[in-house]
Amino acid sequence: MQAEIAETVARLAFYFFDFLRKHLTCKSHSSPPSVESHDNDPKSLVRPHVYEISSLAYRGLAVDGQDQSILVSGESGAGKTETVKILMSHLASVQSQSNEVVRSDIVDRVLDSNPLLEAFGNAKTMRNDNSSRFGKFIQLQFDTEDPTHAAFSGKSIPSAVLAGSKCETYLLEKNRVVSHEEDERSYHIFYQLLAANEDLKKEFWTGLIGTDNESFAYVGYTDTERIEGKLDAERFQLTLDALAIVGVNGDTLRDLMRALCIVLQLGNLKFEQDPENEENAIISSTEELAALSDLMGVDNEIVEKALTERTVTARNEVFKVPLNLERAQDSCNAFAKEIYSNAFDWLVKTINFATCAENNYENPEADFGMIGLLDIFGFESFVVNRFEQLCINYANEKLQQKFTLDIFRSVQQEYEYEGIELGEITYKDNADVLSLIEGRMGLISVLNEECVRPKGNDNAFVTKVYAMNKDTDVLFRDPLFRDWEFGIKHYAGEVTYDAHNFVTKNTDRLPDDLNECRKMSTNSIVSVEIIRDVGSSRPRTPASTKRTNLLKKKSSVSSASATVWTKFKSQLGELMTNIGETRTRYIRCVKPNTMKQPRVMQHLTSVEQLRCAGVVAAVTISRSAFPNRLEHEQVFDRFMCLEKSFVRKHLDGNSDEVMEDVIALLTRALKSVEVENDGKVVHGFVCGKTRAYFRSGSLEFLENKRLCAFGALAKDIQRIVRGFVARSEYLRLRNVTIFLQAQTRRNAAHAQYLKVLAATIMIQCWSRSNSCRATLLQLKRDDRATKIQNTFRTVVALRRFKMLRAAAVKIQACARGSRQRPLYCAALAEAVEEAKLENQLKSLQRKLEEAEAKRIEAEKRAEEGKTVIIYKDGEGAGLGSDATPSESKPNSKATPYRPAASAISAHQQTLMDESGKMLEYLRKEVFKLRSQNSQLRTDFELLKENNQRLMDANASAGASFAALNQHAKQMSKTNAKLKIDGNKYKKQTHQLSMAQVELKEELKMKQGTYIAEVHSRLQYQKTMTAIVDLVQDNCRDHRLVEQVLKMHDECESEYMSGPTGQDFHSPTKNGRIGISNSVNESGGQSIAGRFKSFFA
């Protein structure tokens, strides 16, 4: 994924540099830019690519013999490291193809050094999973062939063999060793070491066995298991292979890994306050301290004192000062950072020793050419910018100054080659920013002074910076700034810096106690301090050699007291010197999006990166004098249409003759934009040897004029086209008219023919119809006679049929009546009995649900003589309770009537007895079925036991196997039959249970229906009584009252004699009793009759 993004963003960056490609790819500073047509320059036909830069650098070194350098920059995650690897791989491939030799081990070492630097110097950040946390300048050394010797050998390009490489690193991020953000990681090598298999861990240090990332405080938990598609364990094996290639194996490899373990173990130390003195700190984790001492090979007490005490020298006296808890922890972190930084410098030095041409090439005395690849941080501006961002932006200011000068120089060379006077070119210079940073009273000097002062601090540094640089415009201060904040106007924009820990980070000097403890270590990598000789990497010229010696002499005075910024300034100065002696090329890597997704472009962030990369400044310089330029042939192709009378005099002449034609054409076309300045006419263009340069607004004027000319030409084209269209339309209409006339004439003749044809057919029809009409009349007479005969015969037959059918129906009715009448009488008697039984079961519904106990309670109530309304045919009785005299049926001569309590109780007792008998019968039936079921189960169990016994006998009787087998089959059949019978009995039992439940439900339903009917009847009686009372009270007409009472009695009689009603004895207001004419023999028959009529 990272390689794909790197290639994509590099290609994107080259699109913005396409217009500068001819300026930045010239062979040398003194030679003019190559101006070739597409036929002579195949590269102009394809998109820009990283391979083009590496190919031009190789050609410049091999052909011109001038050292080359390629500067790759961009923000984190833009693909700088991947681009450098692509460049190195392509240069190795180009040199092997051009020399036709087998790839050597030196090339493999050079290419395999990158994974080592990535393992020890790269980490996962919020922006990039494999971000380089340091800058590097890789110098590829080539053994170049003499051009004369190559010419005699018939080679067009001299050979250049990759002989070795050197690497210089800058600004390793030490703070990441001891702390990192939650979603970030420390350096990859820690995770790779902890992800290795247990055998390797045991070989390096037994304390690593069974540990993981969370076992060490400096590493901690991470949810990232893969970096660029590979696990940490897989990458660790690649790291070991790369270390073996550069000669790190055996005891040296063990010392390197144990140095990393020392760093990890320092993070596990825990400090606490001394119980005897709270201002002092002690190490509470004794086991971790013992493991650390064992790793370093130093006594426990020495390590503990080095971390918790500080040696102070005052007036030739040396004494120990205990450290508090915070300073002791800071001392431990500083020790870990120093050990890791020393191990990283040792690794870089080892790689340089294994890859440099002076130690590994077959001809170490050769004069090596160099192609430098600079992978440096891009400009950074965050919410909080600290000391690291200031150093990075300082380096970018230096590189931007070099880039601006190169662009200005390329524009100057182009103008000189084209023969154009170079006017004043204005561009934004960042010399003020560099003066503010590295001047005599600049930031570096002030910060170094604060580092030397005994009580130097960050706030004093900011105050002095503002006090000593009042006149500069690039240093700004906002009213909302705090005491430790200051702002600088960089070339890429304003940046506000937080000066917290500036003094501490700039000093970065390990205390003498820790330094002595480190030197006492038995680990060769930890005990040896790696001193980086600034400027010793490439003493090429006498001037650079003299400058290097001077730097060595200065650094030998007090190398230990040099601050971080001073060292970085020296490194950066030497880097700029080395780059200044080479032909410089630039690659700007742009990160297309922040989601780490391919083929997704975020335009705002991309444009901001281009501004920070200096692309906007380069475009401004290139377009300052003449913003637009065109090739001579392009001028002819685009603007000859403006002057119709212009004719080229030299079609295939030399550049001077073609230039005369261009001047003549543009002078006539831009006549109106000429201005007079101090008596001198200033044209809107300047013509060079190969290009025409336009002043601001001139090309836009020509383009507008060209559009107007195209408009005039478009009118002529429209006139011709419109004439052609009109003529075509006329011819089309003429042809259509002729066709329509022919069609009209054809239609008229056809219509006349149709008229004649119709008249002929009409005459024929009339003649034929006369003959057919006579035949039709005869047929009609015959048909009508047939219909009359048929109708008469039908009527006679139908009359006879109806008479016979009526007789048959009467006979059938008599026969069916005599046969069905006895059956009907029997069914009617049976229905009466069923209705009686249902009526009795309804009154006992509650007693069935509440079981035997509630039945006894109901009997007690009946014995107490509770009033129950009983329906009778003639005398009337109440059912239910709470029957009042006012609710009785009125009659004209009725008197109040109440049935005796003893009679009601006797009747109720009779019903209860019958219900009890019925319940007893049902219980007996259920008990009988349960007994049968139990007996069947017993028989079934017995049969199962017999079956088991027979099966056992079958198993033991081996001699008579055949007979017993037959017997077993019979028993199996019997058993199956018994199972079927058992299941059948179970089903019958279940059906009986369901029938009982259904019977209960049916009784409930019938009881509810009957109760509702009783309530309806009572309501009806109340309503009728109220009406009769109202009539009797308010009506004075006695006859009307008698009629109302008579109608009331008739309605009552009709209701009670109907399918759902029975007669009631209802007392009226006058005390008379209304008795219904329909009298049944008993109350039970009345209830049965009601249910019979209800369910009929």
# chains A, B, ... in the order shown; residues from 1 in each chain; ligands from 1
call {"tool": "residues_around", "arguments": {"residues": "region 189-192 of chain A", "least_positions_apart": "2", "cutoff": "9 Å", "atoms": "only C-alpha atoms", "output": "ChimeraX atom specification"}}
result
/A:118-123,185-187,194-196,212-213,219,231-237,239,260-261,264
call {"tool": "residues_around", "arguments": {"residues": "Phe382 (chain A)", "least_positions_apart": "4", "cutoff": "12 Å", "atoms": "only C-alpha atoms", "output": "CSV table (one decimal) with C-alpha atoms, in the first residue's frame"}}
result
chain,number,residue,atom,x,y,z
A,75,GLU,CA,4.9,15.5,4.9
A,386,ARG,CA,7.8,22.3,19.8
A,388,GLU,CA,11.5,19.3,16.9
A,389,GLN,CA,9.2,21.2,14.5
A,390,LEU,CA,11.5,24.3,14.8
A,393,ASN,CA,11.3,23.9,9.6
A,493,GLY,CA,3.1,30.3,6.4
A,494,GLU,CA,3.0,31.5,10.0
A,495,VAL,CA,3.8,29.0,12.7
A,496,THR,CA,3.4,29.4,16.5
A,497,TYR,CA,6.0,27.6,18.7
A,498,ASP,CA,5.6,26.4,22.2
call {"tool": "residues_around", "arguments": {"residues": "Asp473 (chain A)", "least_positions_apart": "3", "cutoff": "9 Å", "atoms": "only C-alpha atoms", "output": "list in words"}}
result
Asp432, Asn469, Lys470, Phe476, Ile488 and Lys489 of chain A
call {"tool": "write_last_selection", "arguments": {"atoms": "N, CA, C and O atoms", "output": "tab-separated table (two decimals), in the first residue's frame"}}
result
chain	number	residue	atom	x	y	z
A	432	ASP	N	15.53	36.51	5.62
A	432	ASP	CA	15.22	37.10	6.93
A	432	ASP	C	14.93	36.00	7.95
A	432	ASP	O	15.34	36.11	9.12
A	469	ASN	N	15.33	40.99	18.64
A	469	ASN	CA	14.92	40.96	17.23
A	469	ASN	C	13.65	41.79	17.04
A	469	ASN	O	12.67	41.33	16.43
A	470	LYS	N	13.68	43.01	17.55
A	470	LYS	CA	12.52	43.88	17.43
A	470	LYS	C	12.31	44.37	16.01
A	470	LYS	O	11.17	44.64	15.59
A	476	PHE	N	6.77	37.44	14.91
A	476	PHE	CA	5.54	38.13	15.27
A	476	PHE	C	5.06	37.64	16.64
A	476	PHE	O	5.45	36.57	17.11
A	488	ILE	N	6.84	32.66	14.04
A	488	ILE	CA	7.76	32.94	12.93
A	488	ILE	C	6.98	32.84	11.63
A	488	ILE	O	6.19	31.90	11.43
A	489	LYS	N	7.22	33.80	10.74
A	489	LYS	CA	6.59	33.79	9.42
A	489	LYS	C	7.51	33.04	8.46
A	489	LYS	O	8.44	33.61	7.89
call {"tool": "residues_around", "arguments": {"residues": "Thr605 (chain A)", "least_positions_apart": "3", "cutoff": "12 Å", "atoms": "only C-alpha atoms", "output": "list in words"}}
result
Glu75, Ala78, Val590, Lys591, Pro592, Asn593, Thr594, Met595, Val600, Met601, Gln602, Glu608, Gln609, Leu610, Arg611 and Cys612 of chain A
call {"tool": "select_by_dssp", "arguments": {"residues": "region 114-184 of chain A", "states": "strand (DSSP E or B)", "output": "list of chain:residue names"}}
result
A:Asn122, A:Ala123, A:Ser131, A:Ser132, A:Gly135, A:Lys136, A:Phe137, A:Ile138, A:Gln139, A:Leu140, A:Gln141, A:Phe142, A:Asp143, A:Thr144, A:Ala160, A:Val161, A:Leu162, A:Ala163, A:Gly164, A:Ser165, A:Lys166, A:Cys167, A:Glu168, A:Thr169, A:Tyr170
call {"tool": "write_last_selection", "arguments": {"atoms": "N, CA, C and O atoms", "output": "JSON list (two decimals), in the first residue's frame"}}
result
[["chain", "number", "residue", "atom", "x", "y", "z"],
["A", 122, "ASN", "N", 11.92, 3.84, 12.09],
["A", 122, "ASN", "CA", 10.54, 4.10, 11.66],
["A", 122, "ASN", "C", 9.57, 3.64, 12.74],
["A", 122, "ASN", "O", 9.85, 2.72, 13.51],
["A", 123, "ALA", "N", 8.40, 4.29, 12.76],
["A", 123, "ALA", "CA", 7.37, 3.96, 13.74],
["A", 123, "ALA", "C", 6.02, 4.30, 13.16],
["A", 123, "ALA", "O", 5.91, 5.03, 12.17],
["A", 131, "SER", "N", 6.27, 5.51, 9.36],
["A", 131, "SER", "CA", 6.80, 6.87, 9.23],
["A", 131, "SER", "C", 8.26, 6.91, 9.68],
["A", 131, "SER", "O", 8.62, 6.38, 10.74],
["A", 132, "SER", "N", 9.12, 7.54, 8.87],
["A", 132, "SER", "CA", 10.52, 7.72, 9.23],
["A", 132, "SER", "C", 10.61, 8.85, 10.25],
["A", 132, "SER", "O", 10.20, 9.97, 9.98],
["A", 135, "GLY", "N", 15.82, 12.03, 9.54],
["A", 135, "GLY", "CA", 16.18, 12.38, 8.17],
["A", 135, "GLY", "C", 17.48, 11.69, 7.78],
["A", 135, "GLY", "O", 18.33, 11.41, 8.63],
["A", 136, "LYS", "N", 17.62, 11.42, 6.49],
["A", 136, "LYS", "CA", 18.84, 10.73, 6.05],
["A", 136, "LYS", "C", 19.27, 11.25, 4.68],
["A", 136, "LYS", "O", 18.45, 11.67, 3.86],
["A", 137, "PHE", "N", 20.58, 11.23, 4.48],
["A", 137, "PHE", "CA", 21.19, 11.62, 3.22],
["A", 137, "PHE", "C", 22.07, 10.46, 2.78],
["A", 137, "PHE", "O", 23.14, 10.22, 3.35],
["A", 138, "ILE", "N", 21.60, 9.72, 1.77],
["A", 138, "ILE", "CA", 22.31, 8.53, 1.28],
["A", 138, "ILE", "C", 23.15, 8.95, 0.07],
["A", 138, "ILE", "O", 22.62, 9.50, -0.90],
["A", 139, "GLN", "N", 24.44, 8.69, 0.16],
["A", 139, "GLN", "CA", 25.37, 9.03, -0.93],
["A", 139, "GLN", "C", 25.78, 7.73, -1.63],
["A", 139, "GLN", "O", 26.54, 6.93, -1.08],
["A", 140, "LEU", "N", 25.23, 7.53, -2.82],
["A", 140, "LEU", "CA", 25.58, 6.36, -3.63],
["A", 140, "LEU", "C", 26.88, 6.66, -4.38],
["A", 140, "LEU", "O", 26.97, 7.64, -5.12],
["A", 141, "GLN", "N", 27.89, 5.81, -4.18],
["A", 141, "GLN", "CA", 29.22, 6.00, -4.79],
["A", 141, "GLN", "C", 29.31, 5.17, -6.06],
["A", 141, "GLN", "O", 29.04, 3.97, -6.04],
["A", 142, "PHE", "N", 29.71, 5.83, -7.14],
["A", 142, "PHE", "CA", 29.83, 5.17, -8.45],
["A", 142, "PHE", "C", 31.26, 5.30, -8.95],
["A", 142, "PHE", "O", 31.90, 6.36, -8.80],
["A", 143, "ASP", "N", 31.72, 4.20, -9.53],
["A", 143, "ASP", "CA", 33.02, 4.21, -10.22],
["A", 143, "ASP", "C", 32.76, 4.54, -11.68],
["A", 143, "ASP", "O", 32.30, 3.69, -12.45],
["A", 144, "THR", "N", 33.02, 5.80, -12.06],
["A", 144, "THR", "CA", 32.68, 6.28, -13.41],
["A", 144, "THR", "C", 33.83, 6.01, -14.38],
["A", 144, "THR", "O", 35.01, 6.08, -14.02],
["A", 160, "ALA", "N", 28.97, 3.64, -15.30],
["A", 160, "ALA", "CA", 29.12, 4.07, -13.91],
["A", 160, "ALA", "C", 28.65, 2.92, -13.03],
["A", 160, "ALA", "O", 27.49, 2.57, -13.03],
["A", 161, "VAL", "N", 29.60, 2.30, -12.31],
["A", 161, "VAL", "CA", 29.33, 1.10, -11.52],
["A", 161, "VAL", "C", 29.08, 1.52, -10.08],
["A", 161, "VAL", "O", 29.84, 2.30, -9.50],
["A", 162, "LEU", "N", 27.99, 1.00, -9.50],
["A", 162, "LEU", "CA", 27.69, 1.28, -8.10],
["A", 162, "LEU", "C", 28.71, 0.57, -7.23],
["A", 162, "LEU", "O", 28.76, -0.67, -7.16],
["A", 163, "ALA", "N", 29.56, 1.35, -6.55],
["A", 163, "ALA", "CA", 30.66, 0.80, -5.76],
["A", 163, "ALA", "C", 30.35, 0.75, -4.28],
["A", 163, "ALA", "O", 30.99, -0.01, -3.54],
["A", 164, "GLY", "N", 29.44, 1.54, -3.79],
["A", 164, "GLY", "CA", 29.13, 1.55, -2.37],
["A", 164, "GLY", "C", 28.22, 2.71, -2.03],
["A", 164, "GLY", "O", 27.70, 3.41, -2.91],
["A", 165, "SER", "N", 28.05, 2.94, -0.73],
["A", 165, "SER", "CA", 27.19, 4.03, -0.28],
["A", 165, "SER", "C", 27.57, 4.43, 1.13],
["A", 165, "SER", "O", 28.21, 3.67, 1.87],
["A", 166, "LYS", "N", 27.17, 5.66, 1.48],
["A", 166, "LYS", "CA", 27.31, 6.18, 2.84],
["A", 166, "LYS", "C", 25.99, 6.84, 3.22],
["A", 166, "LYS", "O", 25.27, 7.34, 2.36],
["A", 167, "CYS", "N", 25.74, 6.84, 4.50],
["A", 167, "CYS", "CA", 24.47, 7.38, 4.98],
["A", 167, "CYS", "C", 24.72, 8.31, 6.16],
["A", 167, "CYS", "O", 25.48, 7.96, 7.07],
["A", 168, "GLU", "N", 24.11, 9.46, 6.12],
["A", 168, "GLU", "CA", 24.17, 10.43, 7.21],
["A", 168, "GLU", "C", 22.74, 10.66, 7.70],
["A", 168, "GLU", "O", 21.83, 10.89, 6.90],
["A", 169, "THR", "N", 22.52, 10.56, 9.02],
["A", 169, "THR", "CA", 21.19, 10.70, 9.60],
["A", 169, "THR", "C", 21.09, 11.99, 10.39],
["A", 169, "THR", "O", 22.10, 12.53, 10.87],
["A", 170, "TYR", "N", 19.83, 12.47, 10.53],
["A", 170, "TYR", "CA", 19.58, 13.74, 11.21],
["A", 170, "TYR", "C", 18.37, 13.62, 12.11],
["A", 170, "TYR", "O", 17.36, 13.01, 11.73]]
call {"tool": "residues_around", "arguments": {"residues": "His990 (chain A)", "least_positions_apart": "5", "cutoff": "12 Å", "atoms": "only C-alpha atoms", "output": "count of residues only"}}
result
10
